[in-house]
Amino acid sequence: MKRLQYLRHRLQTLSALRDAVGAMRSLSAHHFRRARQALPTARQYREEMNTVIAEIGIHQPLHVGIPAGLLVITSDLGLCGDYNSRLSQLAVAEAKSQAAQTIYSVGHRARAALAKSSLVPFRSYEAPASLEGLTQLLLGLAQDLLEDYLAMRIGRLHVVSAGFEGVGHFAPLSVRVLPIEPVVGTSPLRRSPYIDSAHLTTTAVREFLYITLYEILLDALAAEHGMRLMAAESALEWLDNTATTTSRRLASARGEASTQELLDIVSGGRQRLRR
């Protein structure tokens with residue numbers, strides 16, 4: 001009887017887990033599609049900003065003697081395989097190689113690994129799970145990074161994030177975002193006398209940083225949900241196989257219980273006949 005109760009309870013638990021994992025898979029598929037659809041437009045705009053930067057002739061100085069900053073982009077949600085662990089490993093390695101002292105952390109999943117290497121985030125942000133959350137994050141993040149760079153709190157900024165390579169595949173990447181790399185082989189256009197030169201430079205740098213971070217975050221969002229889709233598929237397959245096995249065990253246990261009940265009835269009848 002206890003075995004039957006255990007198997008029934010296990011089937012109910014597996015069914016509830018399957019519903020939860022299935023819902024997460026559907027939600028991740030939705031956000032994954034939206035992120036992939038938004039990427040081409042973001043890349044085109046970033047390329048246009050590259051052209052603007054080249055035409056203006058912006059060349060930001062590298063603050064010599066000032067430690068670098070490192071922005072680490074991970075997730076707040078789980079069920080995405082080794083996504084966060086691989087990014088954390090690269091972040092620790094980059095922090096050491098770049099001698100970064102100011103750490104910016106998007107997503108709390110990497111903070112434990114950073115803390116083990118005595119890397120405490122200077123600023124922390126919640127990781128976006130959707131395009132709407134990404135936009136809300138970006139406004140404050142880009143402003144904080146640009147202000148810290150202009151105030152010379154960081155000499156340069158490197159970003160560790162995930163590069164999407166297909167559903168269930170990504171590459172941990174590290175790119176330098178600040179200062180802006182000068183475009184070689186171009187002749188800057190003469191600036192308009194009707195716009196203040198410093199204001200034009202500041203506006204262009206802010207817009208360039210915004211769209212660059214937006215593209216990086218979009219790529220990371222697609223990679224995260226792609227990993228979660230694959231993990232959810234694997235979890236659903238395991239749940240289905242386990243539920244099938246449990247159902248067979250339950251049917252077998254019911255048969256054994258019925259047989260035992262029948263044997264008890266026969267045995268009881270024989271004892272009464274003997275009396």
# chains A, B, ... in the order shown; residues from 1 in each chain; ligands from 1
>>> residues_around(residues="Arg36 of chain A", least_positions_apart="4", cutoff="12 Å", atoms="only C-alpha atoms", output="list in words")
Ala29, His30, His31, Phe32, Pro40, Thr41, Ala42, Arg43, Ser130, Leu131, Phe164, Glu165, Gly166, Val167, Glu215, Leu217, Leu218, Asp219, Ala220, Leu221, Ala222, Ala223, Glu224, His225 and Gly226 of chain A
>>> write_last_selection(atoms="C-alpha atoms", output="JSON list (two decimals), in the first residue's frame")
[["chain", "number", "residue", "atom", "x", "y", "z"],
["A", 29, "ALA", "CA", 10.99, 30.36, -26.94],
["A", 30, "HIS", "CA", 8.95, 33.58, -27.06],
["A", 31, "HIS", "CA", 11.76, 35.76, -25.71],
["A", 32, "PHE", "CA", 14.32, 33.96, -27.89],
["A", 40, "PRO", "CA", 19.52, 42.63, -37.35],
["A", 41, "THR", "CA", 18.06, 46.10, -36.78],
["A", 42, "ALA", "CA", 20.37, 46.72, -33.83],
["A", 43, "ARG", "CA", 23.42, 45.64, -35.83],
["A", 130, "SER", "CA", 12.80, 40.24, -22.00],
["A", 131, "LEU", "CA", 13.26, 43.11, -24.46],
["A", 164, "PHE", "CA", 24.93, 33.44, -29.72],
["A", 165, "GLU", "CA", 25.99, 30.56, -31.97],
["A", 166, "GLY", "CA", 22.72, 28.65, -32.34],
["A", 167, "VAL", "CA", 20.15, 27.14, -30.01],
["A", 215, "GLU", "CA", 23.52, 44.70, -29.31],
["A", 217, "LEU", "CA", 22.76, 42.44, -24.37],
["A", 218, "LEU", "CA", 20.49, 41.25, -27.19],
["A", 219, "ASP", "CA", 23.04, 38.65, -28.24],
["A", 220, "ALA", "CA", 23.44, 37.51, -24.62],
["A", 221, "LEU", "CA", 19.66, 37.35, -24.16],
["A", 222, "ALA", "CA", 19.28, 35.17, -27.24],
["A", 223, "ALA", "CA", 22.12, 32.91, -26.09],
["A", 224, "GLU", "CA", 20.65, 32.56, -22.59],
["A", 225, "HIS", "CA", 17.17, 31.63, -23.81],
["A", 226, "GLY", "CA", 18.68, 29.33, -26.43]]
>>> residues_around(residues="Tyr45 of chain A", least_positions_apart="4", cutoff="12 Å", atoms="only C-alpha atoms", output="list of chain:residue names")
A:Ala38, A:Leu39, A:Pro40, A:Thr41, A:Met49, A:Asn50, A:Thr51, A:Val52, A:Glu207, A:Phe208, A:Leu209, A:Tyr210, A:Ile211, A:Thr212, A:Tyr214, A:Glu215
>>> residues_around(residues="segment 15-24 of chain A", least_positions_apart="5", cutoff="7 Å", atoms="only C-alpha atoms", output="PyMOL selection string")
chain A and resi 232+236+239
>>> write_last_selection(atoms="N, CA and C atoms", output="PDB file, in the first residue's frame")
ATOM      1  N   ALA A 232      15.532  22.830 -21.236  1.00  0.00           N
ATOM      2  CA  ALA A 232      14.133  22.480 -20.996  1.00  0.00           C
ATOM      3  C   ALA A 232      13.732  21.249 -21.810  1.00  0.00           C
ATOM      4  N   LEU A 236      12.389  17.887 -20.166  1.00  0.00           N
ATOM      5  CA  LEU A 236      11.096  17.303 -20.532  1.00  0.00           C
ATOM      6  C   LEU A 236      11.258  15.854 -20.982  1.00  0.00           C
ATOM      7  N   LEU A 239      11.741  13.837 -17.872  1.00  0.00           N
ATOM      8  CA  LEU A 239      10.486  13.731 -17.130  1.00  0.00           C
ATOM      9  C   LEU A 239       9.535  12.744 -17.796  1.00  0.00           C
TER      10      LEU A 239
END
>>> select_by_dssp(residues="segment 34-222 of chain A", states="strand (DSSP E)", output="VMD selection string")
chain A and resid 69 to 73 102 to 106 123 to 125 157 to 164 170 to 178
>>> atom_distance(atom1="atom CA of Pro61 of chain A", atom2="atom CA of Ala93 of chain A")
25.2 Å
>>> closest_atom_pairs(of="segment 34-106 of chain A", to="segment 115-128 of chain A", cutoff="8 Å", atoms="only C-alpha atoms", output="Markdown table")
| residue | atom | partner | partner_atom | distance |
| --- | --- | --- | --- | --- |
| A:Ile73 | CA | A:Ala127 | CA | 7.7 |
| A:Thr74 | CA | A:Ala127 | CA | 7.0 |
| A:Ser75 | CA | A:Ala127 | CA | 5.3 |
| A:Asp76 | CA | A:Ala127 | CA | 5.6 |
| A:Val92 | CA | A:Ser117 | CA | 7.0 |
| A:Gln101 | CA | A:Leu119 | CA | 7.8 |
| A:Thr102 | CA | A:Phe122 | CA | 5.9 |
| A:Ile103 | CA | A:Pro121 | CA | 4.6 |
| A:Tyr104 | CA | A:Arg123 | CA | 5.0 |
| A:Ser105 | CA | A:Ser124 | CA | 4.8 |
| A:Val106 | CA | A:Tyr125 | CA | 4.7 |
>>> write_last_selection(atoms="N, CA and C atoms", output="PDB file, in the first residue's frame")
ATOM      1  N   ILE A  73      28.126  40.155 -17.906  1.00  0.00           N
ATOM      2  CA  ILE A  73      26.703  39.968 -18.201  1.00  0.00           C
ATOM      3  C   ILE A  73      26.349  38.489 -18.086  1.00  0.00           C
ATOM      4  N   THR A  74      25.574  38.145 -17.067  1.00  0.00           N
ATOM      5  CA  THR A  74      25.106  36.768 -16.887  1.00  0.00           C
ATOM      6  C   THR A  74      23.576  36.809 -16.755  1.00  0.00           C
ATOM      7  N   SER A  75      22.992  35.898 -15.985  1.00  0.00           N
ATOM      8  CA  SER A  75      21.535  35.851 -15.873  1.00  0.00           C
ATOM      9  C   SER A  75      21.106  35.815 -14.410  1.00  0.00           C
ATOM     10  N   ASP A  76      19.827  36.038 -14.196  1.00  0.00           N
ATOM     11  CA  ASP A  76      19.223  35.881 -12.877  1.00  0.00           C
ATOM     12  C   ASP A  76      18.463  34.560 -12.764  1.00  0.00           C
ATOM     13  N   VAL A  92      36.527  36.006 -14.502  1.00  0.00           N
ATOM     14  CA  VAL A  92      37.628  35.961 -13.532  1.00  0.00           C
ATOM     15  C   VAL A  92      38.969  36.050 -14.255  1.00  0.00           C
ATOM     16  N   GLN A 101      39.786  46.613 -11.685  1.00  0.00           N
ATOM     17  CA  GLN A 101      39.473  46.804 -10.277  1.00  0.00           C
ATOM     18  C   GLN A 101      38.026  47.223 -10.042  1.00  0.00           C
ATOM     19  N   THR A 102      37.372  47.717 -11.069  1.00  0.00           N
ATOM     20  CA  THR A 102      35.976  48.141 -10.962  1.00  0.00           C
ATOM     21  C   THR A 102      35.123  47.172 -11.757  1.00  0.00           C
ATOM     22  N   ILE A 103      34.279  46.430 -11.048  1.00  0.00           N
ATOM     23  CA  ILE A 103      33.461  45.387 -11.664  1.00  0.00           C
ATOM     24  C   ILE A 103      32.002  45.823 -11.698  1.00  0.00           C
ATOM     25  N   TYR A 104      31.393  45.671 -12.857  1.00  0.00           N
ATOM     26  CA  TYR A 104      29.965  45.916 -13.023  1.00  0.00           C
ATOM     27  C   TYR A 104      29.315  44.558 -13.328  1.00  0.00           C
ATOM     28  N   SER A 105      28.269  44.225 -12.602  1.00  0.00           N
ATOM     29  CA  SER A 105      27.658  42.905 -12.732  1.00  0.00           C
ATOM     30  C   SER A 105      26.190  43.020 -13.127  1.00  0.00           C
ATOM     31  N   VAL A 106      25.851  42.413 -14.274  1.00  0.00           N
ATOM     32  CA  VAL A 106      24.455  42.285 -14.698  1.00  0.00           C
ATOM     33  C   VAL A 106      24.059  40.826 -14.467  1.00  0.00           C
TER      34      VAL A 106
END
>>> select_by_dssp(residues="segment 112-213 of chain A", states="helix (DSSP H, G or I)", output="MDAnalysis selection string")
chainID A and resid 112:116 131:150 197:213
>>> write_last_selection(atoms="C-alpha atoms", output="PDB file, in the first residue's frame")
ATOM      1  CA  ALA A 112      29.419  34.037  -6.155  1.00  0.00           C
ATOM      2  CA  ALA A 113      32.202  33.059  -8.570  1.00  0.00           C
ATOM      3  CA  LEU A 114      33.496  36.635  -8.623  1.00  0.00           C
ATOM      4  CA  ALA A 115      33.428  36.811  -4.831  1.00  0.00           C
ATOM      5  CA  LYS A 116      35.593  33.679  -4.595  1.00  0.00           C
ATOM      6  CA  LEU A 131      13.261  43.108 -24.457  1.00  0.00           C
ATOM      7  CA  GLU A 132      11.265  45.407 -22.188  1.00  0.00           C
ATOM      8  CA  GLY A 133      13.536  44.644 -19.243  1.00  0.00           C
ATOM      9  CA  LEU A 134      16.593  45.107 -21.446  1.00  0.00           C
ATOM     10  CA  THR A 135      15.550  48.639 -22.395  1.00  0.00           C
ATOM     11  CA  GLN A 136      14.931  49.587 -18.771  1.00  0.00           C
ATOM     12  CA  LEU A 137      18.338  48.228 -17.746  1.00  0.00           C
ATOM     13  CA  LEU A 138      20.209  49.898 -20.588  1.00  0.00           C
ATOM     14  CA  LEU A 139      19.223  53.469 -19.808  1.00  0.00           C
ATOM     15  CA  GLY A 140      20.826  53.418 -16.370  1.00  0.00           C
ATOM     16  CA  LEU A 141      23.699  51.092 -17.261  1.00  0.00           C
ATOM     17  CA  ALA A 142      24.980  53.141 -20.214  1.00  0.00           C
ATOM     18  CA  GLN A 143      24.745  56.375 -18.222  1.00  0.00           C
ATOM     19  CA  ASP A 144      26.641  54.909 -15.248  1.00  0.00           C
ATOM     20  CA  LEU A 145      29.423  53.504 -17.421  1.00  0.00           C
ATOM     21  CA  LEU A 146      29.882  56.700 -19.416  1.00  0.00           C
ATOM     22  CA  GLU A 147      29.906  58.875 -16.285  1.00  0.00           C
ATOM     23  CA  ASP A 148      32.497  56.626 -14.613  1.00  0.00           C
ATOM     24  CA  TYR A 149      34.692  56.728 -17.708  1.00  0.00           C
ATOM     25  CA  LEU A 150      34.467  60.508 -18.097  1.00  0.00           C
ATOM     26  CA  SER A 197      31.822  70.356 -31.237  1.00  0.00           C
ATOM     27  CA  ALA A 198      31.973  69.068 -27.648  1.00  0.00           C
ATOM     28  CA  HIS A 199      28.206  68.549 -27.536  1.00  0.00           C
ATOM     29  CA  LEU A 200      28.278  66.640 -30.836  1.00  0.00           C
ATOM     30  CA  THR A 201      31.093  64.403 -29.590  1.00  0.00           C
ATOM     31  CA  THR A 202      29.352  63.669 -26.276  1.00  0.00           C
ATOM     32  CA  THR A 203      26.064  62.874 -28.007  1.00  0.00           C
ATOM     33  CA  ALA A 204      27.735  60.592 -30.553  1.00  0.00           C
ATOM     34  CA  VAL A 205      29.724  58.736 -27.885  1.00  0.00           C
ATOM     35  CA  ARG A 206      26.625  58.238 -25.722  1.00  0.00           C
ATOM     36  CA  GLU A 207      24.604  56.930 -28.670  1.00  0.00           C
ATOM     37  CA  PHE A 208      27.453  54.663 -29.767  1.00  0.00           C
ATOM     38  CA  LEU A 209      27.823  53.215 -26.266  1.00  0.00           C
ATOM     39  CA  TYR A 210      24.047  52.743 -25.973  1.00  0.00           C
ATOM     40  CA  ILE A 211      23.629  50.823 -29.240  1.00  0.00           C
ATOM     41  CA  THR A 212      26.816  48.785 -28.667  1.00  0.00           C
ATOM     42  CA  LEU A 213      25.610  47.644 -25.248  1.00  0.00           C
TER      43      LEU A 213
END
>>> closest_residue(among="A:Arg249, A:Arg176, A:His108, A:Arg33", to="Tyr6 of chain A", atoms="only C-alpha atoms")
A:Arg249
>>> residues_around(residues="segment 240-247 of chain A", least_positions_apart="2", cutoff="7 Å", atoms="only C-alpha atoms", output="PyMOL selection string")
chain A and resi 7+11+14+236-238+249-251
>>> write_last_selection(atoms="N, CA and C atoms", output="short mmCIF file (atom, residue, chain, number, x, y, z; two decimals), in the first residue's frame")
data_model
loop_
_atom_site.label_atom_id
_atom_site.label_comp_id
_atom_site.auth_asym_id
_atom_site.auth_seq_id
_atom_site.Cartn_x
_atom_site.Cartn_y
_atom_site.Cartn_z
N LEU A 7 4.32 5.75 -5.47
CA LEU A 7 4.35 5.84 -6.92
C LEU A 7 3.31 6.83 -7.45
N LEU A 11 4.18 10.27 -9.54
CA LEU A 11 3.58 10.63 -10.83
C LEU A 11 2.97 12.03 -10.79
N LEU A 14 5.88 14.52 -10.91
CA LEU A 14 6.45 14.58 -12.26
C LEU A 14 5.55 15.37 -13.19
N LEU A 236 12.39 17.89 -20.17
CA LEU A 236 11.10 17.30 -20.53
C LEU A 236 11.26 15.85 -20.98
N GLU A 237 12.31 15.58 -21.72
CA GLU A 237 12.56 14.21 -22.15
C GLU A 237 12.80 13.30 -20.96
N TRP A 238 13.59 13.79 -20.00
CA TRP A 238 13.83 12.99 -18.78
C TRP A 238 12.55 12.79 -17.99
N ARG A 249 5.82 0.86 -13.28
CA ARG A 249 6.02 0.33 -11.93
C ARG A 249 4.73 0.37 -11.14
N LEU A 250 3.93 1.43 -11.34
CA LEU A 250 2.65 1.54 -10.64
C LEU A 250 1.69 0.45 -11.10
N ALA A 251 1.66 0.20 -12.42
CA ALA A 251 0.79 -0.86 -12.94
C ALA A 251 1.22 -2.22 -12.40
#
>>> closest_residue(among="A:Leu229, A:Ala35, A:Ile154, A:Glu181", to="Pro67 of chain A", atoms="only C-alpha atoms")
A:Ile154
